[in-house]
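Engineer: Before anything else, here's the structure in question.
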Amino acid sequence: MATSDVKLAVVGAGYWGINHVRAFAKLPGCALTVVCDPDEKARSKAKALAPSARLESSFEALLLDPDVEAIVLATPVIDHARQAQAALLAGKHVFVEKPMSLTSDDARLVVAAAEKAQRTLMVGHLMLYHPAFRRLVDMVRSGEIGRVYYLYALRVNLGRLRRDENALWSFAPHDLSMILDLVPSAPMSVTARGEAYLQPGVEDVVFVNIAFADRTMAQIQLSWLDPRKERRITVVGSKKMVEFDDAHPTEKLRIYDKGYDRPPEFTKYSEYLTVRQGDIHIPRVDGQEPLELQCRHFIESIRSSTTPRTDGQSGLRVVEILEAADRSLKSGGVPVALTHE
């Protein structure tokens, strides 16, 4: 296990990347040595958060820099695969924001580059590091909520318009990564329908449905054209139902002891299933910032040479579903089968 600080560069200090600068600048076990961004205003803003970091405008210059052991890519999605491959082939550990690429073929090339270079590759599926979501995962995997019947996620807002990506590619990676972490069965097909109301060719509203091999169903509603800001996922199981509400300031988890019970013996068909109306439990959950936990996990994975929770393979699985959903979306909602290599 390494004992010295991991020397790290953050590439992209814009809308979201500046948060990586803030998090890594104060993280133990890490030395933020370089912040790279072509925009001078972004570099100046980063300097205030990481005064000891060197400012750089060229990504290519980092590849030959011996003071950079790891690179964090918070750049436009279109650049992710190219930059990640280049950094890995230069011998750098890589953290790449979600989605890791725009095609599954490019994602596989990134995974192959990490394997060849024997370097850590981690994808920024932030919600998988959220303490409340980790509690939900533990409940599902322990069997506390029983067999998962179905899930549905809601990620809507009257938010910032994107011109280079639709609501599917912008929002769905969060919910897809969570759903894949909650459902152990293989996804078999995906269907997506949406409409572009504000900008031609850029869908503002998208509905996604996923069918799994064990008959679990998942639905995702995505929109930046909605009166309310909601970030919620609901899991309905045979024993309990759980709601993870990331937009709620304090009550992140609600556990409903509700469902249908099957009595061991019954004499009438009407007695076969009985409704159970139990308590609603709101557990106390650790309030640590998910981004800080994610950044710490990246550094720990490098120092201990262990596979990150959100490794290249998990990033690839998300891109595969995004790609299939996009094909369904463009064909008016025709189901697209998912292959598993």
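By convention here, the chains of the structure tokens are called A, B, ... in the order presented, each chain's residues are numbered starting at 1, and ligands are numbered starting at 1 in the order presented.
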Report as a PyMOL selection string all protein, DNA and RNA residues lying within 6 Å of Ala325 in chain A, evaluated on only C-alpha atoms, omitting residues in the same chain fewer than 3 positions from it.
Structural biologist: chain A and resi 190-192+321-322+328
Engineer: So which bits of range 60-291 of chain A end up strand (DSSP E or B) when you DSSP the backbone, as a PyMOL selection string?
Structural biologist: chain A and resi 70-73+93-97+121-124+148-158+187-195+199+202+205-212+217-223+225-237+241-245+253-261+274-281
Engineer: So which residues touch Ala117 in chain A within 9 Å, counting only C-alpha atoms, skipping near sequence neighbours fewer than 5 positions away, as a PyMOL selection string?
Structural biologist: chain A and resi 88-92+112
Engineer: Include N, CA and C atoms and write out the residues we just selected as a PDB file, in the first residue's frame.
Structural biologist:
```
ATOM      1  N   LEU A  88      -4.566   7.068 -19.500  1.00  0.00           N
ATOM      2  CA  LEU A  88      -4.228   5.707 -19.070  1.00  0.00           C
ATOM      3  C   LEU A  88      -2.984   5.195 -19.796  1.00  0.00           C
ATOM      4  N   LEU A  89      -2.918   5.439 -21.087  1.00  0.00           N
ATOM      5  CA  LEU A  89      -1.753   4.986 -21.857  1.00  0.00           C
ATOM      6  C   LEU A  89      -0.486   5.745 -21.463  1.00  0.00           C
ATOM      7  N   ALA A  90      -0.668   6.922 -20.859  1.00  0.00           N
ATOM      8  CA  ALA A  90       0.482   7.676 -20.338  1.00  0.00           C
ATOM      9  C   ALA A  90       0.854   7.228 -18.934  1.00  0.00           C
ATOM     10  N   GLY A  91       0.165   6.219 -18.417  1.00  0.00           N
ATOM     11  CA  GLY A  91       0.495   5.669 -17.110  1.00  0.00           C
ATOM     12  C   GLY A  91      -0.171   6.364 -15.937  1.00  0.00           C
ATOM     13  N   LYS A  92      -1.220   7.132 -16.203  1.00  0.00           N
ATOM     14  CA  LYS A  92      -1.914   7.851 -15.124  1.00  0.00           C
ATOM     15  C   LYS A  92      -3.149   7.071 -14.672  1.00  0.00           C
ATOM     16  N   ALA A 112     -10.238  -1.361 -21.725  1.00  0.00           N
ATOM     17  CA  ALA A 112      -9.080  -2.125 -22.204  1.00  0.00           C
ATOM     18  C   ALA A 112      -7.784  -1.365 -21.949  1.00  0.00           C
TER      19      ALA A 112
END
```
Engineer: Can you pull out every residue within 10 Å of Gly29 in chain A, counting only C-alpha atoms, but drop anything in the same chain fewer than 6 positions away, and send it as a list of chain:residue names?
Structural biologist: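 Near neighbours after the sequence-gap exclusion: A:Ala2, A:Thr3, A:Ser4, A:Asp5, A:Val6, A:Lys7, A:Arg296, A:Ile299, A:Glu300, A:Arg303.
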Engineer: Identify, on the basis of only C-alpha atoms, every residue whose closest approach to Lys239 in chain A does not exceed 9 Å; exclude the query and any residue fewer than 6 positions from it along the same chain; express the result as a VMD selection string.
Structural biologist: chain A and resid 143 to 148 257 to 261
Engineer: Using DSSP on the backbone coordinates, identify all residues within range 71-175 of chain A classified as helix (DSSP H, G or I); present the result as a ChimeraX atom specification.
Structural biologist: /A:77-89,104-117,126-129,131-142,167-175
Engineer: Let me make sure I understand: among A:Ser314, A:Ile302, A:Val319, A:Met188, which one has the smallest atom-to-atom distance to Cys30 in chain A if we use only C-alpha atoms?
Structural biologist: A:Ile302
Engineer: So that I can check the surroundings of Asp175 in chain A, please list as a count of residues only every protein, DNA and RNA residue that reaches within 8 Å of it, counting only C-alpha atoms and ignoring chain neighbours fewer than 4 positions away.
Structural biologist: 5
Engineer: Residues at most 8 Å from Gly124 in chain A, counting only C-alpha atoms, excluding those fewer than 6 positions away in the same chain, as JSON, numbers by chain?
Structural biologist: {"A": [95, 96, 97, 98, 99, 294, 310]}
